[in-house]
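Below is final_8.cif, which holds mmCIF, C-alpha atoms.
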```
data_start
loop_
_atom_site.label_atom_id
_atom_site.label_comp_id
_atom_site.auth_asym_id
_atom_site.auth_seq_id
_atom_site.Cartn_x
_atom_site.Cartn_y
_atom_site.Cartn_z
CA MET R 1 128.04 43.06 146.47
CA SER R 2 129.54 40.92 149.24
CA ARG R 3 129.75 42.44 152.71
CA ASP R 4 132.70 40.22 153.65
CA THR R 5 135.86 41.83 154.94
CA ILE R 6 138.61 41.28 152.39
CA PHE R 7 142.38 41.57 152.53
CA ALA R 8 145.26 41.33 150.08
CA LEU R 9 148.84 42.33 149.51
CA GLY R 10 148.69 45.70 147.75
CA THR R 11 152.35 45.76 146.71
CA GLY R 12 154.25 43.43 144.43
CA PRO R 13 155.10 39.94 145.68
CA GLY R 14 158.67 39.00 146.52
CA ARG R 15 161.44 40.64 148.51
CA ALA R 16 161.07 44.41 148.94
CA ALA R 17 161.80 47.19 151.40
CA ILE R 18 158.14 47.72 152.29
CA ALA R 19 154.96 45.72 151.83
CA VAL R 20 151.42 47.10 152.16
CA ILE R 21 148.50 44.88 153.14
CA ARG R 22 145.04 46.29 152.41
CA ILE R 23 141.89 45.42 154.38
CA SER R 24 138.36 46.56 153.51
CA GLY R 25 134.95 45.80 154.96
CA PRO R 26 133.02 45.97 158.20
CA GLY R 27 135.66 43.97 160.08
CA ALA R 28 138.67 46.01 158.94
CA GLY R 29 138.98 47.97 162.18
CA GLU R 30 138.62 44.90 164.39
CA ALA R 31 141.25 43.06 162.34
CA VAL R 32 143.79 45.82 162.91
CA LYS R 33 142.88 45.96 166.60
CA VAL R 34 143.46 42.22 167.00
CA LEU R 35 146.85 42.25 165.25
CA ALA R 36 148.15 45.62 166.51
CA GLY R 37 146.56 45.61 169.95
CA LYS R 38 144.74 48.89 169.35
CA LEU R 39 142.87 50.75 166.66
CA PRO R 40 144.77 53.80 165.33
CA ALA R 41 143.09 57.18 165.33
CA PRO R 42 141.30 57.67 162.01
CA ARG R 43 143.58 58.80 159.18
CA GLN R 44 146.68 58.91 161.38
CA ALA R 45 149.68 56.65 160.85
CA SER R 46 150.43 54.78 164.04
CA PHE R 47 153.43 52.66 165.00
CA ALA R 48 152.27 49.13 165.72
CA VAL R 49 153.74 45.87 166.97
CA LEU R 50 151.87 43.20 165.03
CA ARG R 51 151.30 39.88 166.75
CA ASP R 52 149.80 36.55 165.78
CA PRO R 53 146.20 36.54 167.10
CA GLU R 54 146.56 33.00 168.49
CA THR R 55 150.12 32.65 169.77
CA ARG R 56 150.79 36.39 170.36
CA GLU R 57 154.17 35.88 168.75
CA MET R 58 155.48 39.11 167.21
CA LEU R 59 155.17 39.18 163.42
CA ASP R 60 156.74 42.56 162.72
CA ARG R 61 156.99 46.19 163.74
CA GLY R 62 155.27 48.47 161.27
CA ILE R 63 152.66 51.16 160.60
CA ALA R 64 148.89 50.79 160.88
CA LEU R 65 146.27 53.13 159.39
CA PHE R 66 142.48 53.13 159.62
CA PHE R 67 139.97 55.01 157.46
CA PRO R 68 136.33 54.74 158.60
CA GLY R 69 133.78 54.48 155.81
CA PRO R 70 132.27 56.02 153.84
CA ALA R 71 135.17 58.52 153.65
CA SER R 72 137.69 55.97 152.40
CA SER R 73 139.01 54.77 149.07
CA THR R 74 136.52 51.87 148.96
CA GLY R 75 133.62 53.68 150.63
CA GLU R 76 133.66 51.27 153.58
CA ASP R 77 135.89 50.75 156.63
CA TYR R 78 139.41 50.42 155.24
CA ALA R 79 142.80 49.75 156.83
CA GLU R 80 146.42 49.33 155.79
CA LEU R 81 149.33 47.56 157.41
CA GLN R 82 152.72 48.77 156.23
CA LEU R 83 155.36 46.15 156.99
CA HIS R 84 158.89 45.16 156.11
CA GLY R 85 158.83 43.52 152.70
CA GLY R 86 160.45 40.17 153.52
CA ARG R 87 158.54 37.16 152.27
CA ALA R 88 158.29 35.54 155.71
CA VAL R 89 156.92 38.75 157.25
CA VAL R 90 154.27 39.16 154.56
CA GLU R 91 153.21 35.51 154.60
CA GLY R 92 152.99 35.55 158.38
CA ALA R 93 150.75 38.63 158.41
CA LEU R 94 148.51 37.30 155.63
CA ALA R 95 148.19 33.94 157.38
CA ALA R 96 147.21 35.70 160.61
CA LEU R 97 144.50 37.68 158.84
CA HIS R 98 143.25 34.51 157.17
CA ARG R 99 142.66 32.92 160.55
CA LEU R 100 140.44 35.77 161.76
CA SER R 101 136.74 35.09 161.60
CA GLY R 102 134.88 36.93 158.85
CA LEU R 103 137.95 37.77 156.76
CA ARG R 104 138.85 36.26 153.40
CA PRO R 105 141.42 36.94 150.64
CA ALA R 106 140.25 39.41 148.01
CA GLU R 107 139.44 38.38 144.46
CA PRO R 108 141.17 40.17 141.53
CA GLY R 109 139.85 43.72 141.26
CA GLU R 110 137.62 43.44 144.32
CA PHE R 111 138.93 46.59 146.03
CA ALA R 112 138.31 48.63 142.87
CA ARG R 113 134.90 47.07 142.40
CA ARG R 114 133.87 48.08 145.91
CA SER R 115 135.08 51.61 145.18
CA PHE R 116 132.88 51.61 142.10
CA ALA R 117 129.87 50.12 143.89
CA ASN R 118 130.15 52.75 146.64
CA GLY R 119 130.43 55.69 144.26
CA LYS R 120 134.12 56.42 144.78
CA LEU R 121 134.98 55.65 141.16
CA ASP R 122 132.99 55.41 137.96
CA LEU R 123 133.65 52.54 135.57
CA SER R 124 135.88 54.56 133.26
CA GLN R 125 138.07 55.62 136.20
CA ALA R 126 138.33 52.04 137.43
CA GLU R 127 139.45 50.92 133.97
CA ALA R 128 141.98 53.74 133.88
CA LEU R 129 143.47 52.56 137.18
CA ALA R 130 144.13 49.19 135.54
CA ASP R 131 145.74 51.02 132.61
CA LEU R 132 147.86 53.03 135.03
CA VAL R 133 149.17 49.84 136.64
CA ASP R 134 150.03 48.51 133.16
CA ALA R 135 151.51 51.77 131.83
CA GLN R 136 155.06 51.36 130.57
CA THR R 137 155.68 54.75 128.96
CA GLU R 138 155.15 58.41 129.79
CA ALA R 139 152.37 58.81 127.22
CA GLN R 140 150.50 55.77 128.54
CA ARG R 141 150.83 57.12 132.09
CA ARG R 142 149.58 60.54 131.01
CA GLN R 143 146.57 59.04 129.23
CA ALA R 144 145.65 56.76 132.14
CA LEU R 145 145.97 59.57 134.70
CA ARG R 146 143.76 61.86 132.64
CA VAL R 147 140.89 59.36 132.56
CA ALA R 148 141.48 58.17 136.13
CA GLY R 149 141.23 61.80 137.22
CA GLY R 150 137.67 61.96 135.88
CA ALA R 151 138.14 63.67 132.49
CA LEU R 152 135.89 61.19 130.69
CA ARG R 153 133.34 61.16 133.50
CA ARG R 154 133.05 64.95 133.44
CA LYS R 155 132.64 64.98 129.67
CA VAL R 156 129.96 62.29 129.82
CA GLU R 157 128.13 64.28 132.52
CA ASP R 158 128.16 67.36 130.24
CA TRP R 159 126.82 65.33 127.33
CA ARG R 160 124.10 63.75 129.44
CA ALA R 161 123.05 67.15 130.80
CA SER R 162 122.43 68.33 127.22
CA LEU R 163 120.46 65.17 126.50
CA VAL R 164 118.33 65.68 129.62
CA GLU R 165 117.57 69.26 128.59
CA SER R 166 116.64 68.09 125.09
CA LEU R 167 114.46 65.29 126.42
CA ALA R 168 112.69 67.75 128.72
CA LEU R 169 111.70 69.83 125.68
CA VAL R 170 110.30 66.83 123.86
CA GLU R 171 108.53 65.37 126.90
CA ALA R 172 106.95 68.73 127.72
CA GLU R 173 105.46 68.88 124.24
CA LEU R 174 104.23 65.29 124.45
CA ASP R 175 102.70 65.47 127.92
CA PHE R 176 101.83 69.11 128.60
CA SER R 177 101.29 70.79 125.23
CA ASP R 178 97.73 71.74 126.23
CA GLU R 179 98.89 73.57 129.36
CA ALA R 180 98.80 77.37 129.10
CA ASP R 181 102.19 77.91 130.70
CA VAL R 182 104.04 75.53 128.37
CA GLY R 183 105.55 77.29 125.38
CA VAL R 184 105.23 76.19 121.79
CA PHE R 185 107.63 73.38 120.93
CA SER R 186 110.50 74.58 118.75
CA PRO R 187 112.36 72.05 116.56
CA ALA R 188 114.97 74.77 115.97
CA ARG R 189 115.66 75.01 119.69
CA LEU R 190 116.04 71.24 119.90
CA GLY R 191 118.43 71.30 116.96
CA ALA R 192 120.42 74.10 118.56
CA LEU R 193 120.96 71.85 121.58
CA LEU R 194 121.72 68.64 119.71
CA SER R 195 123.88 69.88 116.81
CA PRO R 196 126.85 71.08 118.92
CA LEU R 197 126.43 68.02 121.12
CA ALA R 198 126.76 65.67 118.15
CA GLU R 199 129.71 67.67 116.86
CA ASP R 200 131.51 67.43 120.20
CA MET R 201 130.90 63.68 120.37
CA ARG R 202 132.17 63.16 116.82
CA ALA R 203 135.33 65.12 117.69
CA ALA R 204 135.94 62.76 120.62
CA LEU R 205 135.41 59.76 118.34
CA GLN R 206 138.01 61.07 115.90
CA LEU R 207 140.63 60.84 118.65
CA ALA R 208 139.48 57.40 119.80
CA PRO R 209 141.60 55.23 117.44
CA ALA R 210 144.81 56.89 118.62
CA SER R 211 143.81 56.59 122.28
CA GLU R 212 142.89 52.93 121.92
CA ARG R 213 146.16 52.26 120.12
CA MET R 214 148.11 54.01 122.87
CA ARG R 215 147.14 51.25 125.27
CA ASP R 216 148.44 48.50 122.98
CA GLY R 217 151.40 50.33 121.46
CA PHE R 218 152.58 51.29 117.98
CA LEU R 219 153.27 48.08 116.05
CA VAL R 220 156.37 47.96 113.84
CA MET R 221 157.18 44.92 111.69
CA ILE R 222 160.79 44.31 110.64
CA LEU R 223 160.76 42.76 107.17
CA GLY R 224 163.35 41.68 104.67
CA ARG R 225 165.04 38.79 102.94
CA PRO R 226 167.01 36.29 105.05
CA ASN R 227 170.34 37.49 106.42
CA VAL R 228 169.85 41.22 105.77
CA GLY R 229 170.19 42.02 109.48
CA LYS R 230 166.66 41.93 110.90
CA SER R 231 167.60 40.11 114.09
CA THR R 232 170.73 42.23 114.45
CA LEU R 233 168.57 45.36 114.17
CA ILE R 234 166.08 44.35 116.86
CA ASN R 235 168.95 43.35 119.17
CA ALA R 236 170.58 46.75 118.61
CA LEU R 237 167.38 48.72 119.19
CA THR R 238 166.50 46.78 122.35
CA ARG R 239 170.15 46.66 123.50
CA ARG R 240 169.95 42.98 124.36
CA ASP R 241 170.36 39.62 122.64
CA LEU R 242 166.69 39.03 122.00
CA ALA R 243 166.97 37.19 118.68
CA ILE R 244 169.50 34.61 117.53
CA VAL R 245 171.89 36.04 114.96
CA SER R 246 173.37 33.55 112.52
CA PRO R 247 174.77 33.55 108.97
CA ILE R 248 172.53 30.56 108.25
CA PRO R 249 169.46 31.68 106.23
CA GLY R 250 166.11 30.92 107.84
CA THR R 251 167.36 31.03 111.47
CA THR R 252 164.36 33.10 112.57
CA ARG R 253 161.32 30.84 112.15
CA ASP R 254 158.70 32.66 114.21
CA MET R 255 157.94 36.24 115.21
CA ILE R 256 159.83 37.74 118.16
CA GLU R 257 158.31 40.74 119.96
CA ALA R 258 160.10 43.49 121.85
CA HIS R 259 158.41 46.35 123.70
CA LEU R 260 160.20 49.68 123.63
CA ASP R 261 159.79 53.20 124.99
CA ILE R 262 160.71 55.55 122.15
CA GLY R 263 160.26 59.20 123.04
CA GLY R 264 157.82 58.25 125.80
CA LEU R 265 155.63 56.29 123.37
CA PRO R 266 154.94 52.54 123.49
CA VAL R 267 156.41 50.81 120.44
CA THR R 268 156.31 47.07 119.75
CA LEU R 269 158.96 45.75 117.37
CA ILE R 270 158.44 42.38 115.72
CA ASP R 271 161.31 40.47 114.18
CA THR R 272 160.01 38.18 111.46
CA ALA R 273 161.04 35.25 109.33
CA GLY R 274 162.94 36.23 106.19
CA LEU R 275 160.70 36.63 103.16
CA ARG R 276 161.76 34.05 100.58
CA GLU R 277 160.68 30.72 99.15
CA ALA R 278 160.80 28.61 102.27
CA ALA R 279 163.29 25.77 102.45
CA ASP R 280 161.03 23.59 104.62
CA ALA R 281 157.50 23.40 106.04
CA ILE R 282 158.41 25.03 109.38
CA GLU R 283 160.02 28.03 107.71
CA ARG R 284 156.99 28.30 105.41
CA ILE R 285 154.73 28.65 108.45
CA GLY R 286 156.93 31.51 109.72
CA VAL R 287 156.77 33.31 106.37
CA ASP R 288 152.98 32.88 106.16
CA ARG R 289 152.54 34.29 109.66
CA THR R 290 154.68 37.28 108.75
CA LEU R 291 152.59 38.04 105.64
CA ALA R 292 149.35 37.77 107.63
CA ARG R 293 150.56 39.93 110.52
CA VAL R 294 152.03 42.74 108.45
CA GLU R 295 148.58 43.92 107.39
CA THR R 296 147.76 44.72 111.04
CA ALA R 297 150.95 46.72 111.64
CA ASP R 298 151.21 50.50 111.91
CA LEU R 299 154.61 50.62 110.21
CA ALA R 300 156.97 48.28 108.39
CA LEU R 301 160.75 48.51 108.23
CA TRP R 302 162.01 46.98 104.98
CA LEU R 303 165.63 45.96 105.43
CA SER R 304 167.88 45.42 102.46
CA ASP R 305 171.62 45.36 101.84
CA SER R 306 171.22 45.59 98.08
CA GLY R 307 168.63 48.30 97.47
CA GLU R 308 165.85 45.83 96.75
CA ALA R 309 162.37 47.41 96.70
CA PRO R 310 159.87 46.29 99.37
CA PRO R 311 156.95 44.06 98.43
CA ALA R 312 153.56 45.66 97.83
CA HIS R 313 151.30 45.97 100.89
CA ASP R 314 149.02 48.58 102.45
CA VAL R 315 151.28 49.45 105.40
CA GLU R 316 153.51 52.54 105.48
CA THR R 317 157.10 51.44 104.98
CA ILE R 318 160.48 52.88 105.89
CA ARG R 319 163.32 51.55 103.75
CA VAL R 320 166.42 50.68 105.79
CA ALA R 321 169.78 50.00 104.20
CA THR R 322 171.83 47.63 106.36
CA LYS R 323 175.54 46.83 106.52
CA THR R 324 176.56 50.31 105.43
CA ASP R 325 180.11 49.54 106.51
CA LEU R 326 180.25 47.31 103.42
CA THR R 327 177.85 49.02 100.98
CA PRO R 328 176.71 52.66 100.90
CA ALA R 329 173.03 53.26 101.68
CA HIS R 330 170.82 53.27 98.62
CA GLN R 331 168.74 56.34 97.76
CA GLY R 332 165.61 56.92 99.83
CA ALA R 333 166.74 54.62 102.64
CA ILE R 334 168.00 55.19 106.18
CA GLY R 335 171.45 53.64 106.41
CA VAL R 336 172.39 51.69 109.54
CA CYS R 337 175.45 49.79 110.65
CA ALA R 338 175.17 47.41 113.60
CA LEU R 339 178.93 47.40 114.17
CA SER R 340 179.33 51.17 114.55
CA GLY R 341 175.80 52.13 115.61
CA GLU R 342 175.57 54.54 112.69
CA GLY R 343 172.03 55.51 111.70
CA PHE R 344 170.17 54.04 114.67
CA GLU R 345 169.30 57.43 116.18
CA THR R 346 167.95 58.56 112.80
CA LEU R 347 165.88 55.38 112.48
CA ALA R 348 164.52 55.69 116.05
CA ALA R 349 163.56 59.33 115.35
CA ALA R 350 161.72 58.28 112.18
CA ILE R 351 159.78 55.62 114.10
CA GLU R 352 158.98 58.09 116.89
CA ALA R 353 157.66 60.71 114.45
CA ARG R 354 155.25 58.23 112.90
CA ALA R 355 154.21 56.84 116.28
CA ARG R 356 153.51 60.34 117.61
CA ALA R 357 151.42 61.18 114.55
CA ARG R 358 149.39 58.02 115.07
CA LEU R 359 149.11 57.94 118.88
CA GLY R 360 149.31 61.57 120.01
CA ASP R 361 150.77 62.16 123.46
CA GLY R 362 147.90 61.03 125.71
CA ALA R 363 147.18 64.57 126.93
CA THR R 364 143.81 64.89 125.17
CA SER R 365 142.63 61.29 125.43
CA LEU R 366 139.04 60.54 126.37
CA ILE R 367 137.71 57.50 124.52
CA VAL R 368 140.46 54.99 125.27
CA ARG R 369 138.66 51.65 124.95
CA GLU R 370 136.59 49.93 122.31
CA ARG R 371 133.74 49.65 124.82
CA HIS R 372 133.68 53.44 125.25
CA ARG R 373 133.82 54.01 121.50
CA ARG R 374 130.95 51.67 120.68
CA ALA R 375 128.72 53.25 123.31
CA LEU R 376 129.50 56.77 122.08
CA GLU R 377 128.89 55.73 118.47
CA GLN R 378 125.45 54.49 119.48
CA ALA R 379 124.69 57.79 121.21
CA VAL R 380 125.77 59.77 118.14
CA GLU R 381 123.66 57.54 115.90
CA SER R 382 120.55 58.30 117.95
CA ILE R 383 121.20 62.06 117.95
CA GLU R 384 121.83 62.11 114.22
CA ALA R 385 118.55 60.26 113.63
CA ILE R 386 116.75 63.16 115.36
CA LEU R 387 118.71 65.84 113.49
CA ALA R 388 117.91 64.17 110.19
CA GLY R 389 114.23 65.03 110.83
CA GLY R 390 111.08 63.18 109.93
CA GLU R 391 110.66 61.23 113.15
CA ALA R 392 107.62 61.60 115.36
CA LEU R 393 108.16 63.22 118.76
CA GLU R 394 107.58 59.88 120.50
CA LEU R 395 110.44 58.35 118.50
CA GLN R 396 112.65 61.37 119.16
CA ALA R 397 112.11 60.92 122.89
CA GLU R 398 113.04 57.25 122.60
CA GLU R 399 116.22 58.09 120.66
CA LEU R 400 117.21 60.57 123.36
CA ARG R 401 116.67 57.96 126.07
CA ARG R 402 118.68 55.47 124.01
CA ALA R 403 121.55 57.96 123.69
CA GLY R 404 121.49 58.63 127.44
CA ALA R 405 121.61 54.92 128.23
CA ALA R 406 124.58 54.48 125.87
CA LEU R 407 126.49 57.25 127.65
CA GLY R 408 125.58 55.71 130.99
CA ARG R 409 127.27 52.47 129.99
CA ILE R 410 130.58 54.31 129.55
CA VAL R 411 130.78 55.31 133.22
CA GLY R 412 128.77 52.37 134.59
CA ALA R 413 125.65 54.36 135.42
CA VAL R 414 123.68 51.63 133.65
CA ASP R 415 124.30 48.43 135.58
CA VAL R 416 125.31 45.76 133.10
CA GLU R 417 126.65 42.91 135.24
CA GLU R 418 128.53 41.16 132.42
CA ILE R 419 130.46 44.34 131.64
CA LEU R 420 131.37 44.80 135.31
CA ASP R 421 132.55 41.20 135.61
CA ALA R 422 134.68 41.52 132.48
CA VAL R 423 136.26 44.80 133.61
CA PHE R 424 137.17 43.92 137.18
CA SER R 425 138.28 40.33 136.51
CA ARG R 426 141.30 41.72 134.64
CA PHE R 427 142.63 43.57 137.69
CA CYS R 428 145.45 42.17 139.78
CA ILE R 429 144.71 40.90 143.29
CA GLY R 430 144.97 43.71 145.83
CA LYS R 431 143.71 46.40 143.44
#
```
Once you've parsed the file, please lay out its structure as structure tokens.
Amino acid sequence: MSRDTIFALGTGPGRAAIAVIRISGPGAGEAVKVLAGKLPAPRQASFAVLRDPETREMLDRGIALFFPGPASSTGEDYAELQLHGGRAVVEGALAALHRLSGLRPAEPGEFARRSFANGKLDLSQAEALADLVDAQTEAQRRQALRVAGGALRRKVEDWRASLVESLALVEAELDFSDEADVGVFSPARLGALLSPLAEDMRAALQLAPASERMRDGFLVMILGRPNVGKSTLINALTRRDLAIVSPIPGTTRDMIEAHLDIGGLPVTLIDTAGLREAADAIERIGVDRTLARVETADLALWLSDSGEAPPAHDVETIRVATKTDLTPAHQGAIGVCALSGEGFETLAAAIEARARARLGDGATSLIVRERHRRALEQAVESIEAILAGGEALELQAEELRRAGAALGRIVGAVDVEEILDAVFSRFCIGK
């Protein structure tokens, strides 16, 4: 880990009321002292007149804070400059910091990575911070906050404690069975430790698909023949002119995505090319893409103005009758009318009910990423191999160590550099 002092804008770029510049590393305090003329008392906001270190021209009036390490968010000396959010002010302050010896701009995710390296966050919490920045709905926020608050870390610590106790039993039998004060090894006692552990892990895995899906959103495909109102429907649900509406069949050639918050849940709607025998090669590509994508969807909306049955596929389908101002809704369908707005609340409620059943509400989430799930599956596999019986004690000890290492990868206790690089490279600069 670099010992450079890093800095970055911690708030969004562009014009704003306030901008926050973050500084972390051994030179953080000196940097603030040079720009503000003095170092604030630790953990106390201090009014500061910030000046260019070379010309002494005033850059802005703002607030300076200093947090000595290791009791800081990154575990090292850390400072913040809170300025007015004008572009010229921010660029002037960043340029001044850049000219100071020993300081450099931070790489994406470098603040979070230093927090992880210094024990302020585990890897699952760092990932959850990235999810929190990306959260667009209440349920996504709730899920990210739960993991960022250490829920997964605490559960992994409980699981690993049970593994350590189990391994101690096995190792004692292997290494000290001839000692008088070591009791007789009991396979039943080992099973009593591992059986509830495996059950608890399997319960967490059962919730994993919903938690993983929560991050990406509930995928809804809008299907139907040309000119049944697919583009009109997505425009009405999103309340903006997202797709071109035309009486000419085949207007929509490619898929158009819209991200919605329905009942606090993330829902992605996809408007698709009309399903028919394509009139040209370009339209054929659009139809083929629709047919390939629908198999990955969570839900399909089959739109029809004539009562036509949907095509056969493996995705749950809601039948939607369109243009009910002209033709009454057919049986078993939700009727909608784009002109009057009739039926849209009913349709949104139907989508929300299915999304909630698939995603949950984020309040019980633990295993929220594929990386977490694969590691936990490996741990369960090792425990189940022991519970199945028939393995020598040496192999049981190895399976327990293997399970512990798998759990360690979830929170970053096992240092796998490629995983760390992949995780932190996805962060925004300044985080």
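Evaluated against the shown file, the PyMOL selection byres ((chain R and resi 300-314) around 8) gives Val220, Met221, Ile222, Leu223, Gly224, Arg225, Val228, Gly229, Lys230, Val294, Glu295, Ala297, Asp298, Leu299, Val315, Glu316, Thr317, Ile318, Arg319, Val320, Ala321, Thr322, Lys323, Thr324, Thr327, Ala329 and His330 of chain R.
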Quick one: apply the PyMOL selection byres ((chain R and resi 43-58) around 9) to the file and drop the selected residues here as a PyMOL selection string. chain R and resi 32+34-42+59-68+81+92-93+95-97+99-100
For this file, the PyMOL selection byres ((chain R and resi 404) around 9) selects which residues, as JSON, numbers by chain? {"R": [159, 160, 163, 164, 379, 399, 400, 401, 402, 403, 405, 406, 407, 408, 409]}
What's the separation between atom CA of R:Thr346 and atom CA of R:Asp134, in Å to one decimal place? 28.9 Å
For R:Ala128, which of R:Asp271, R:Glu157, R:Leu366, R:Glu377 is the closest residue, counting only C-alpha atoms?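 The closest residue to R:Ala128 is R:Leu366.
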Give me the residues near stretch 111-127 of chain R as a PyMOL selection string, where near means some atom within 6 Å (using all atoms listed in the file) and where sequence neighbours in that chain fewer than 4 positions away do not count. chain R and resi 74-75+147-148+411-412+431
The selected residues should be written to file as a CSV table (one decimal), in the coordinates of the input (atoms: C-alpha atoms).
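That gives us again.csv:
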```csv
chain,number,residue,atom,x,y,z
R,74,THR,CA,136.5,51.9,149.0
R,75,GLY,CA,133.6,53.7,150.6
R,147,VAL,CA,140.9,59.4,132.6
R,148,ALA,CA,141.5,58.2,136.1
R,411,VAL,CA,130.8,55.3,133.2
R,412,GLY,CA,128.8,52.4,134.6
R,431,LYS,CA,143.7,46.4,143.4
```
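Taking atom CA of R:Arg354 as the reference point, atom CA of R:Thr232 is found at 22.3 Å.
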Around (134.1, 51.0, 160.4) in the file's own coordinates, what residues are found within 10 Å if you use only C-alpha atoms, given back as a VMD selection string? chain R and resid 24 to 30 42 66 to 70 76 to 79
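Atom pair atom CA of R:Ala355 / atom CA of R:Pro266 has a distance of 8.4 Å (rounded to one decimal).
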Given only C-alpha atoms as the counted atoms, nearest of R:Ala88, R:Ala198, R:Leu393, R:Ile429 to R:Ala172: R:Leu393
What are the centre and edge lengths in Å, to one decimal, of the axis-aligned box around all listed atoms of stretch 152-165 of chain R with 5 Å added on each side, as AutoDock Vina command-line options?
```
--center_x 126.7 --center_y 65.2 --center_z 130.0 --size_x 28.3 --size_y 18.1 --size_z 17.0
```
